[in-house]
Amino acid sequence: MKKLRLIAILVAVGSLIAAQMLSAQMISGFPAANEQEAATALAAFNKADKGRPDPAWRGQKFTIGVYSAGQRGAISGPLYFWRNKFEELTGASYDIVEIPFAELREKIFTDLQTGAGRYDVIINCSNYYGDYIANDWILPIDKYFNDSRMPKWDRASIAAAVANLMKWGDRWYGTNNDHDAQVLYYRKDIIESPKWQAAFKKEKGHDMPVKMDTWEDVLEICDFFNGKDWNGDGKPDHGITLHLKVGGQGFFHFMALSAPYVVIPNPGDPVTKVTKYNNVYWFDPLTMDPLINSPGHVKALETLMKLSKTGSPAMWGWSLGEAWADFLSGKAVMTFSWGDVGSLAEDPTQSVIMGKLGARGIPGTKTPYDLQSKKFLNLSKPNMVGNQVGCSWHPVLSKYAKNPDLCYYFMAWQATPPINHWNVYMGWTGVDPGTTSDWFAPYGSATIQEYVDGGYIADDAKAFIGAFQDNFFNYKIFQNYLRIPGTPEMQEVWDVHLSEAITGQVSPKAALDRTYADWVRIVADYGKARMLKLYQESIGYKP
Amino acid sequence: MKRKDRAKYLFVGPGILWVLVFTVFPLLYSLRLSFFRARLGMAQQFIGLENFGRAFTDYRFWSVLQVTVFFVVCDVTLTVLLGLGLALLFHRPLRGQRFFRSVFTMPIFTAPIALGYLGLTIFHEEVGAVNTVLRALGMVHLPAWFSNVWLARLAITLVDIWQWTPFCFLVLLAGLQSLPDEIYEAALLDTSSGWGTFRYITLPLLSPVLFTVTILRVVETFKILEIPFSLTSGGPGMATQTYSFYVYLTGLRNFNAGYASALAYLLLILMMAISLFFFRRLRRQYE
Amino acid sequence: MSRLGHKRDFRRMLIWCAIILVTCWALSPFYWAIITSFKPPGVILSKPSLIPFLQFKPTLFNWKNEYVSRGREIGGALTNSIIIAGGATLVAVSLGTMAGYGLARFRFRRWKNKDMTLWFLSQRFLPPMATAIPFFILMKTLNLLDTRWALIMTNATFTLPFAVLILRDVFKELPVELDESAMVDGASRFAIFLRIALPLAAPAVAVAAVICFSFSWNEFLFGLILSYKNAQPVTVIIAGVEHTQGIQFWFVATRLLAAILPPAVLAITAQRYIVRGLTFGAVKG
């Protein structure tokens with residue numbers, strides 16, 4: 001009896017494994033899900049510049065380290081998808097080592113610090129650059145730009161803010177891949193419905209600020225919708241949904257929301273110039289004193305807290321999956337988060353809001369804080385600050401790579417506009433838009449048909465891409481990205497304190513004061529002078 | 001006499017040797033590291049006892065210590081009591097004993113990481129199993145488990161108890177079953193009271209095993225990490241961030257290896273103090 | 001007579017109620033995992049549903065997805081975990097049983113028994129983080145990174161104290177007379193251990209084995225640190241459900257169930273060896 005049981009189990013497991021081996025089908029050299037996917041990929045492949053692969057590369061292999069998401073998962077998926085074609089092109093191949101997300105940084109840094117050299121190419125998060133540069137762990141790639149063996153990719157077409165993340169100072173280290181930013185998503189059908197607009201006017205006494213240029217507008221609208229049954233299922237629904245859980249990337253919400261309260265443009269020329277008082281968010285660029293508890297930051301946190309009460313109280317403990325599900329399943333009228341929401345909205349297994357998606361760039365505020373005059377300003381037109389919060393996952397070259405030329409070939413090939421754009425419009429790849437190849441005319445060269453092929457509803461794609469294009473190309477100033485050693489630790493303590501404020505354990509000011517104290521200590525640990533220099537380099541501040 | 005003397009070393013020898021080889025080096029290395037400032041990519045600086053001193057002024061240190069002590073007291077008490085109850089329940093001729101005992105060993109085989117992630121769906125405010133049941137029982141204001149400090153702690157306690165009661169149950173059951181039968185027979189002749197038998201006979205005889213189980217659980221719960229890690233990520237704020245979690249964040253996430261080692265040693269000292277206390281109190285039981 | 005009989009029946013019913021309740025409590029998360037694995041991803045976080053077919057349409061989508069794209073990895077991880085946990089248990093139980101017997105039966109003069117026991121126990125005191133970096137360096141030096149041997153040795157070290165402590169207690173409970181009578185007959189210490197003490201402590205040995213196996217099976221941190229690709233245990237694969245798009249709960253369910261299968265089979269088969277009752281006939285004499 002026991003033996004029979006064991007045999008049954010073995011057979012089951014064995015057949016499952018067999019099934020897996022049998023189902024790996026190749027269409028035109030791609031492990032594609034269907035004919036159409038393979039056809040569009042092949043078209044992209046043919047259009048892309050292939051350079052002239054060096055015959056010496058035949059038979060060689062390198063290793064790519066990427067976070068674990070599987071063969072059809074975000075960011076790691078394209079690596080599997082394009083591998084066969086890479087082998088065809090160069091005669092070389094690569095191993096993909098997936099690292100659990102929770103330990104990604106630990107494994108990469110340990111590998112680099114101990115010189116183990118297990119990963120040649122690393123698909124990394126942009127905020128690792130501080131440690132990379134400080135420890136000289138990655139190779140600059142400028143020298144390859146004129147190498148005739150290498151595919152050409154269009155650096156100028158990348159959104160300036162994201163392009164900055166692939167550089168340090170004037171040197172390039174990374175190649176084009178993902179472009180992260182948060183945009184505001186909303187239910188177009190509800191917000192623009194005359195019925196609800198009339199109800200809003202009745203309740204609040206003025207027209208619904210449908211444009212939602214400021215966070216105050218967003219707050220008003222979410223407050224209105226929260227608790228009402230606006231989706232017709234008989235139960236009260238939510239206004240906004242946010243992923244505010246500790247460790248659930250909640251601090252990115254605050255980062256995106258608070259930028260317009262803190263980052264103001266340079267009054268002179270150019271508006272993007274970084275000075276002591278303008279275009280700074282994190283630290284004072286002269287003294288390395290943290291700015292994180294400035295009155296602007298505190299006011300922004302108070303706004304976020306008010307916003308966090310216009311949705312489900314459970315969202316204080318929600319991470320990405322739960323928060324997005326609230327919006328995708330039609331229970332929340334708004335959210336602001338990354339491009340994944342746009343692509344998941346088109347996935348019929350997870351979303352019921354296909355065709356109903358509205359999106360716009362991150363709102364601003366009319367009352368930012370001026371560090372110089374130490375007062376809140378009162379603007380007639382809202383202060384809008386573009387953001388690139390997130391990771392913008394892209395490949396870099398480890399110093400210990402045994403064959404850096406071959407590795408760079410792969411990196412550049414994936415960065416070529418046709419292939420990168422294909423990765424963007426195929427939602428399952430998790431690669432978000434950020435170059436002119438991804439925008440529609442008149443801003444770029446993409447067509448609606450491509451996105452429809454990738455599974456998007458035409459109107460949703462227009463809204464989604466329009467919002468990203470707006471954020472990356474039309475916003476005049478940007479929140480700069482923190483890329484100094486110790487960044488992950490600073491973000492971790494900040495995340496904890498934000499959660500303490502949101503769940504009412506401390507006041508907003510106290511939470512940010514605690515963050516200030518922690519950051520002072522971390523900076524001191526790493527060496528203030530050293531950190532100041534790296535910070536100035538990373539944000540482009542010239543004394 | 002001579003043979004006996006030599007044989008005893010052969011019994012404990014291999015175990016001791018193994019532990020020496022595999023723990024002495026790591027422990028010494030960690031101890032050394034705790035006297036240094038060892039940040040990523042920077043040369044190590046000797047700073048003496050500064051890491052230890054810093055711990056005492058670190059409000060996070062005290063917070064995580066309190067949270068951990070709370071979990072230790074709560075979880076261990078509940079798991080041992082429940083485990084004891086279950087062991088007594090099953091210490092009788094029952095049909096299908098083997099089936100039930102197999103069922104009860106399943107929880108301890110569940111990877112805590114997976115359990116924590118699953119717990120997110122179980123404790124989900126709207127669609128989770130717990131709240132669905134509570135809603136069916138008529139509760140109107142359903143608890144938002146992860147948005148509230150004490151509810152989050154309760155959630156972790158519940159998951160932890162679910163996982164570890166079977167451990168106590170198994171060990172206590174084995175202990176009960178090793179007790180000689182004739183003592184029970186003798187007791188039954190004197191008194192037919194179940195409670196009396198339990199209190200004056202079973203309990204004292206079981207106390208060494210009870211003691212072992214308790215001390216093992218205390219030691220383990222002090223290091224609780226994976227369930228808060230996957231279920232609440234230490235939140236809300238730091239309400240469920242346990243000591244081990246803080247050490248992990250400090251050492252492996254923030255690469256502050258020196259401070260992390262110091263924290264680890266502080267915990268070691270604390271636990272040695274606790275168990276010395278335990279061992280001394282019940283010295284009579286151990287020769 | 002009837003009154004006593006009723007009382008006894010009532011008691012029995014109570015006991016069975018308790019047992020059923022407790023069994024449900026023990027199994028409910030598994031039930032939840034099973035139904036979650038059959039729910040379409042969109043339903044998992046949006047509709048409260050406890051009963052399949054009635055409240056949601058079960059689908060094989062998640063299982064197919066998982067095994068078509070990750071089947072080989074999961075199979076490999078399961079194999080790794082079985083070898084690692086099995087190997088570690090073997091080492092830990094062998095060393096621990098012997099040490100437990102030694103501590104129970106002999107008196108040590110220079111290093112007291114109590115202290116030695118405490119020393120074994122203290123191996124469990126350090127948070128894993130304290131030994132993580134040194135272990136990594138140790139394994140790197142021995143060139144054992146990303147091998148199952150590294151994890152077997154690591155887990156054996158960590159679970160050894162359990163075996164020592166549990167077996168020590170049980171051996172102490174065994175009457176010394178058994179040993180002494182065998183010694184009079186001329187048996188060696190080791191023979192007594194092997195042929196008399198061990199069989200009598202068999203239930204405890206089984207329990208210790210189950211506990212050591214389960215700890216090694218669930219061990220996550222060192223599995224993560226010491227493995228890259230080849231020696232990944234199943235806990236690391238489970239942790240792979242979390243990525244930038246959040247946690248894929250449907251895969252949590254499928255992987256949890258896959259991960260519990262081998263130990264469940266082990267637990268069912270090991271029950272056979274936890275025999276009830278010990279023979280004291282020899283002592284009573």
# chains A, B, ... in the order shown; residues from 1 in each chain; ligands from 1
call {"tool": "select_by_dssp", "arguments": {"residues": "region 134-261 of chain A", "states": "alpha helix (DSSP H)", "output": "MDAnalysis selection string"}}
result
chainID A and resid 134:135 160:165 188:191 194:204 215:225 250:261
call {"tool": "closest_atom_pairs", "arguments": {"of": "chain C", "to": "chain A", "cutoff": "10 Å", "atoms": "only C-alpha atoms", "output": "Markdown table"}}
result
| residue | atom | partner | partner_atom | distance |
| --- | --- | --- | --- | --- |
| C:Pro40 | CA | A:Thr349 | CA | 6.4 |
| C:Pro41 | CA | A:Gln350 | CA | 5.8 |
| C:Gly42 | CA | A:Gln350 | CA | 3.7 |
| C:Val43 | CA | A:Gln350 | CA | 7.4 |
| C:Ile44 | CA | A:Ala325 | CA | 9.0 |
| C:Leu45 | CA | A:Ala325 | CA | 6.2 |
| C:Ser46 | CA | A:Ser329 | CA | 6.3 |
| C:Lys47 | CA | A:Ser329 | CA | 9.2 |
| C:Phe61 | CA | A:Thr349 | CA | 9.6 |
| C:Trp63 | CA | A:Leu16 | CA | 9.9 |
| C:Lys64 | CA | A:Gln20 | CA | 8.9 |
| C:Asn65 | CA | A:Gln20 | CA | 9.6 |
| C:Glu66 | CA | A:Gly70 | CA | 9.3 |
| C:Tyr67 | CA | A:Gln20 | CA | 6.1 |
| C:Val68 | CA | A:Gln20 | CA | 4.3 |
| C:Ser69 | CA | A:Gln71 | CA | 6.2 |
| C:Arg70 | CA | A:Gly70 | CA | 7.1 |
| C:Gly71 | CA | A:Ile17 | CA | 5.7 |
| C:Arg72 | CA | A:Ile17 | CA | 6.0 |
| C:Glu73 | CA | A:Ile17 | CA | 9.5 |
| C:Ile74 | CA | A:Ile17 | CA | 9.3 |
| C:Gly75 | CA | A:Ile17 | CA | 7.5 |
| C:Ile133 | CA | A:Thr110 | CA | 9.8 |
| C:Phe136 | CA | A:Thr110 | CA | 9.8 |
| C:Ile137 | CA | A:Thr114 | CA | 9.3 |
| C:Lys140 | CA | A:Ala116 | CA | 9.1 |
| C:Leu221 | CA | A:Glu103 | CA | 9.7 |
| C:Leu224 | CA | A:Glu103 | CA | 7.8 |
| C:Ile225 | CA | A:Lys107 | CA | 7.5 |
| C:Leu226 | CA | A:Lys107 | CA | 9.9 |
| C:Tyr228 | CA | A:Val97 | CA | 7.5 |
| C:Lys229 | CA | A:Val97 | CA | 6.6 |
| C:Val236 | CA | A:Pro100 | CA | 7.1 |
| C:Ile237 | CA | A:Pro100 | CA | 7.7 |
| C:Ile238 | CA | A:Pro100 | CA | 8.8 |
| C:Ala239 | CA | A:Pro100 | CA | 6.0 |
| C:Gly240 | CA | A:Pro100 | CA | 4.7 |
| C:Val241 | CA | A:Ala69 | CA | 7.1 |
| C:Glu242 | CA | A:Phe101 | CA | 6.2 |
| C:His243 | CA | A:Phe101 | CA | 5.4 |
| C:Thr244 | CA | A:Phe101 | CA | 7.6 |
| C:Gln245 | CA | A:Leu320 | CA | 6.5 |
| C:Gly246 | CA | A:Leu320 | CA | 4.8 |
| C:Ile247 | CA | A:Gly321 | CA | 6.0 |
| C:Gln248 | CA | A:Gly321 | CA | 7.4 |
| C:Phe249 | CA | A:Gly321 | CA | 8.4 |
| C:Ala258 | CA | A:Val13 | CA | 9.8 |
| C:Leu261 | CA | A:Ile9 | CA | 9.1 |
| C:Pro262 | CA | A:Ile9 | CA | 9.5 |
| C:Val265 | CA | A:Leu6 | CA | 8.2 |
| C:Ile268 | CA | A:Lys2 | CA | 9.5 |
| C:Thr269 | CA | A:Lys2 | CA | 8.0 |
call {"tool": "write_last_selection", "arguments": {"atoms": "N, CA and C atoms", "output": "short mmCIF file (atom, residue, chain, number, x, y, z; two decimals), in the first residue's frame"}}
result
data_model
loop_
_atom_site.label_atom_id
_atom_site.label_comp_id
_atom_site.auth_asym_id
_atom_site.auth_seq_id
_atom_site.Cartn_x
_atom_site.Cartn_y
_atom_site.Cartn_z
N PRO C 40 -8.51 31.57 -10.03
CA PRO C 40 -7.88 32.46 -11.01
C PRO C 40 -7.21 33.62 -10.26
N PRO C 41 -6.04 34.07 -10.73
CA PRO C 41 -5.29 35.09 -9.99
C PRO C 41 -6.12 36.31 -9.61
N GLY C 42 -7.01 36.75 -10.50
CA GLY C 42 -7.78 37.95 -10.20
C GLY C 42 -8.73 37.78 -9.03
N VAL C 43 -9.12 36.53 -8.79
CA VAL C 43 -10.12 36.30 -7.75
C VAL C 43 -9.49 36.28 -6.36
N ILE C 44 -8.23 35.89 -6.30
CA ILE C 44 -7.59 35.63 -5.01
C ILE C 44 -7.68 36.84 -4.09
N LEU C 45 -7.50 38.03 -4.65
CA LEU C 45 -7.49 39.20 -3.77
C LEU C 45 -8.75 40.02 -3.91
N SER C 46 -9.73 39.53 -4.63
CA SER C 46 -10.89 40.40 -4.79
C SER C 46 -12.20 39.77 -4.35
N LYS C 47 -12.25 38.44 -4.26
CA LYS C 47 -13.51 37.85 -3.86
C LYS C 47 -13.30 36.89 -2.71
N PHE C 61 -5.08 26.84 -14.26
CA PHE C 61 -4.18 27.85 -14.83
C PHE C 61 -2.87 27.97 -14.07
N TRP C 63 -1.43 25.91 -11.84
CA TRP C 63 -0.60 24.72 -11.83
C TRP C 63 0.09 24.54 -13.17
N LYS C 64 -0.66 24.75 -14.23
CA LYS C 64 -0.07 24.59 -15.57
C LYS C 64 1.06 25.58 -15.76
N ASN C 65 0.77 26.82 -15.43
CA ASN C 65 1.74 27.90 -15.56
C ASN C 65 3.02 27.57 -14.82
N GLU C 66 2.84 27.14 -13.59
CA GLU C 66 3.97 26.85 -12.72
C GLU C 66 4.82 25.73 -13.27
N TYR C 67 4.18 24.64 -13.65
CA TYR C 67 4.98 23.49 -14.04
C TYR C 67 5.51 23.57 -15.45
N VAL C 68 4.80 24.30 -16.29
CA VAL C 68 5.35 24.44 -17.64
C VAL C 68 6.58 25.32 -17.60
N SER C 69 6.52 26.39 -16.81
CA SER C 69 7.67 27.29 -16.85
C SER C 69 8.69 27.02 -15.75
N ARG C 70 8.28 26.42 -14.64
CA ARG C 70 9.24 26.26 -13.56
C ARG C 70 9.37 24.82 -13.09
N GLY C 71 8.76 23.93 -13.82
CA GLY C 71 8.70 22.55 -13.33
C GLY C 71 10.05 21.97 -13.03
N ARG C 72 10.98 22.19 -13.97
CA ARG C 72 12.29 21.58 -13.78
C ARG C 72 12.98 22.11 -12.54
N GLU C 73 12.85 23.46 -12.38
CA GLU C 73 13.51 24.06 -11.21
C GLU C 73 12.92 23.55 -9.92
N ILE C 74 11.58 23.47 -9.89
CA ILE C 74 10.95 23.05 -8.64
C ILE C 74 11.31 21.60 -8.33
N GLY C 75 11.31 20.78 -9.38
CA GLY C 75 11.71 19.40 -9.15
C GLY C 75 13.12 19.31 -8.61
N ILE C 133 27.83 35.37 7.82
CA ILE C 133 29.04 35.76 7.08
C ILE C 133 30.19 34.78 7.29
N PHE C 136 29.67 31.74 5.24
CA PHE C 136 29.89 31.99 3.82
C PHE C 136 31.37 31.93 3.51
N ILE C 137 32.15 32.56 4.36
CA ILE C 137 33.60 32.57 4.14
C ILE C 137 34.16 31.16 4.28
N LYS C 140 33.25 29.17 1.26
CA LYS C 140 33.98 29.66 0.08
C LYS C 140 35.40 29.12 0.12
N LEU C 221 17.52 30.99 5.43
CA LEU C 221 18.58 31.98 5.31
C LEU C 221 19.87 31.41 4.75
N LEU C 224 19.74 30.36 1.24
CA LEU C 224 19.83 31.49 0.34
C LEU C 224 21.26 31.95 0.17
N ILE C 225 21.99 32.02 1.29
CA ILE C 225 23.32 32.59 1.24
C ILE C 225 24.32 31.64 0.58
N LEU C 226 24.18 30.34 0.87
CA LEU C 226 25.22 29.42 0.43
C LEU C 226 24.94 28.80 -0.94
N TYR C 228 23.67 29.22 -5.11
CA TYR C 228 23.43 30.14 -6.22
C TYR C 228 22.43 29.55 -7.19
N LYS C 229 22.73 28.35 -7.66
CA LYS C 229 21.87 27.79 -8.69
C LYS C 229 21.65 26.31 -8.47
N VAL C 236 14.09 28.54 -0.98
CA VAL C 236 14.56 29.66 -1.79
C VAL C 236 13.66 29.84 -3.01
N ILE C 237 13.22 28.74 -3.58
CA ILE C 237 12.30 28.80 -4.71
C ILE C 237 10.99 29.46 -4.28
N ILE C 238 10.57 29.12 -3.06
CA ILE C 238 9.33 29.73 -2.57
C ILE C 238 9.50 31.23 -2.45
N ALA C 239 10.65 31.65 -1.95
CA ALA C 239 10.88 33.09 -1.79
C ALA C 239 10.90 33.78 -3.13
N GLY C 240 11.10 33.04 -4.19
CA GLY C 240 11.11 33.63 -5.51
C GLY C 240 9.75 34.10 -6.00
N VAL C 241 8.71 33.92 -5.19
CA VAL C 241 7.40 34.41 -5.62
C VAL C 241 7.29 35.91 -5.45
N GLU C 242 8.24 36.49 -4.71
CA GLU C 242 8.15 37.93 -4.51
C GLU C 242 9.04 38.63 -5.50
N HIS C 243 8.47 39.49 -6.29
CA HIS C 243 9.34 40.28 -7.17
C HIS C 243 8.72 41.65 -7.34
N THR C 244 9.22 42.40 -8.28
CA THR C 244 8.85 43.82 -8.30
C THR C 244 7.36 44.04 -8.50
N GLN C 245 6.66 43.04 -9.00
CA GLN C 245 5.22 43.25 -9.17
C GLN C 245 4.45 42.73 -7.97
N GLY C 246 5.19 42.49 -6.89
CA GLY C 246 4.51 42.03 -5.69
C GLY C 246 4.61 40.53 -5.55
N ILE C 247 3.88 40.03 -4.62
CA ILE C 247 3.91 38.60 -4.34
C ILE C 247 2.87 37.90 -5.19
N GLN C 248 3.29 36.84 -5.86
CA GLN C 248 2.34 36.09 -6.66
C GLN C 248 1.71 35.02 -5.78
N PHE C 249 0.58 35.37 -5.21
CA PHE C 249 -0.02 34.50 -4.21
C PHE C 249 -0.42 33.14 -4.77
N ALA C 258 3.67 21.98 -3.11
CA ALA C 258 4.74 21.13 -3.64
C ALA C 258 5.79 20.90 -2.57
N LEU C 261 4.97 18.21 0.16
CA LEU C 261 4.69 16.82 -0.22
C LEU C 261 5.71 15.81 0.31
N PRO C 262 7.01 16.01 0.04
CA PRO C 262 7.96 15.00 0.54
C PRO C 262 7.94 14.86 2.07
N VAL C 265 4.95 12.85 3.16
CA VAL C 265 5.12 11.41 2.94
C VAL C 265 6.01 10.82 4.03
N ILE C 268 4.14 10.53 7.37
CA ILE C 268 3.18 9.41 7.39
C ILE C 268 3.91 8.10 7.59
N THR C 269 5.04 7.94 6.92
CA THR C 269 5.74 6.66 7.05
C THR C 269 6.46 6.55 8.39
#
call {"tool": "closest_residue", "arguments": {"among": "C:Cys212, C:Leu95, C:Ala187, C:Ala197", "to": "chain B", "atoms": "only C-alpha atoms"}}
result
C:Leu95
call {"tool": "interface_residues", "arguments": {"of": "chain B", "to": "chain C", "cutoff": "6 Å", "atoms": "only C-alpha atoms", "output": "PyMOL selection string"}}
result
chain B and resi 8+11-12+15+26+102+109+111+114+127+223+244+248+261+264+268
call {"tool": "residues_around", "arguments": {"residues": "Ile224 (chain B)", "least_positions_apart": "4", "cutoff": "8 Å", "atoms": "only C-alpha atoms", "output": "number ranges by chain"}}
result
B: 68, 220, 228, 242-245
call {"tool": "closest_atom_pairs", "arguments": {"of": "chain A", "to": "chain B", "cutoff": "10 Å", "atoms": "only C-alpha atoms", "output": "tab-separated table"}}
result
residue	atom	partner	partner_atom	distance
A:Ala102	CA	B:Arg253	CA	9.2
A:Glu103	CA	B:Arg253	CA	8.0
A:Leu104	CA	B:Arg253	CA	9.6
A:Arg105	CA	B:Arg253	CA	7.5
A:Glu106	CA	B:Arg253	CA	6.3
A:Lys107	CA	B:Leu252	CA	9.4
A:Phe109	CA	B:Leu40	CA	8.6
A:Thr110	CA	B:Leu40	CA	9.3
A:Leu112	CA	B:Gly41	CA	9.9
A:Gln113	CA	B:Gly41	CA	7.1
A:Asp131	CA	B:Gly41	CA	7.7
A:Tyr132	CA	B:Gly41	CA	9.4
A:Ala134	CA	B:Gly41	CA	7.7
A:Asn135	CA	B:Gly41	CA	5.9
A:Asp136	CA	B:Gly41	CA	9.5
A:Leu244	CA	B:Pro236	CA	9.3
A:Lys245	CA	B:Pro236	CA	6.9
A:Val246	CA	B:Gly235	CA	5.4
A:Gly247	CA	B:Ser233	CA	5.9
A:Gly248	CA	B:Ser233	CA	8.1
A:Ser312	CA	B:Ala144	CA	8.9
A:Pro313	CA	B:Ala144	CA	6.7
A:Ala314	CA	B:Ala144	CA	5.0
A:Met315	CA	B:Ser147	CA	7.2
A:Trp316	CA	B:Ser147	CA	5.1
A:Gly317	CA	B:Phe146	CA	4.6
A:Trp318	CA	B:Phe146	CA	7.7
A:Ser319	CA	B:Leu120	CA	9.7
A:Glu322	CA	B:His124	CA	8.6
A:Pro485	CA	B:Leu40	CA	8.6
A:Gly486	CA	B:Asn254	CA	7.1
A:Thr487	CA	B:Asn254	CA	9.0
A:Pro488	CA	B:Asn254	CA	6.9
A:Glu489	CA	B:Asn254	CA	5.2
A:Met490	CA	B:Asn254	CA	8.9
A:Glu492	CA	B:Asn254	CA	8.8
A:Val493	CA	B:Gly237	CA	9.6
A:Trp494	CA	B:Gly237	CA	10.0
A:Asp495	CA	B:Gly237	CA	8.0
A:Val496	CA	B:Gly237	CA	4.8
A:His497	CA	B:Gly237	CA	6.1
A:Leu498	CA	B:Gly237	CA	7.3
A:Ser499	CA	B:Gly237	CA	4.6
A:Glu500	CA	B:Gly237	CA	4.2
A:Ala501	CA	B:Gly237	CA	7.9
A:Ile502	CA	B:Gly237	CA	8.6
A:Thr503	CA	B:Ser147	CA	6.5
A:Gly504	CA	B:Asn148	CA	9.1
A:Gln505	CA	B:Gly237	CA	7.8
A:Val506	CA	B:Gly237	CA	9.6
A:Asp525	CA	B:Arg39	CA	7.9
A:Tyr526	CA	B:Arg39	CA	7.4
A:Gly527	CA	B:Met42	CA	9.8
call {"tool": "closest_residue", "arguments": {"among": "A:Glu537, A:Asp459, A:Asp178, A:Asp370", "to": "His394 (chain A)", "atoms": "only C-alpha atoms"}}
result
A:Asp178
call {"tool": "atom_distance", "arguments": {"atom1": "CA of Tyr265 (chain B)", "atom2": "CA of Phe52 (chain B)"}}
result
9.0 Å
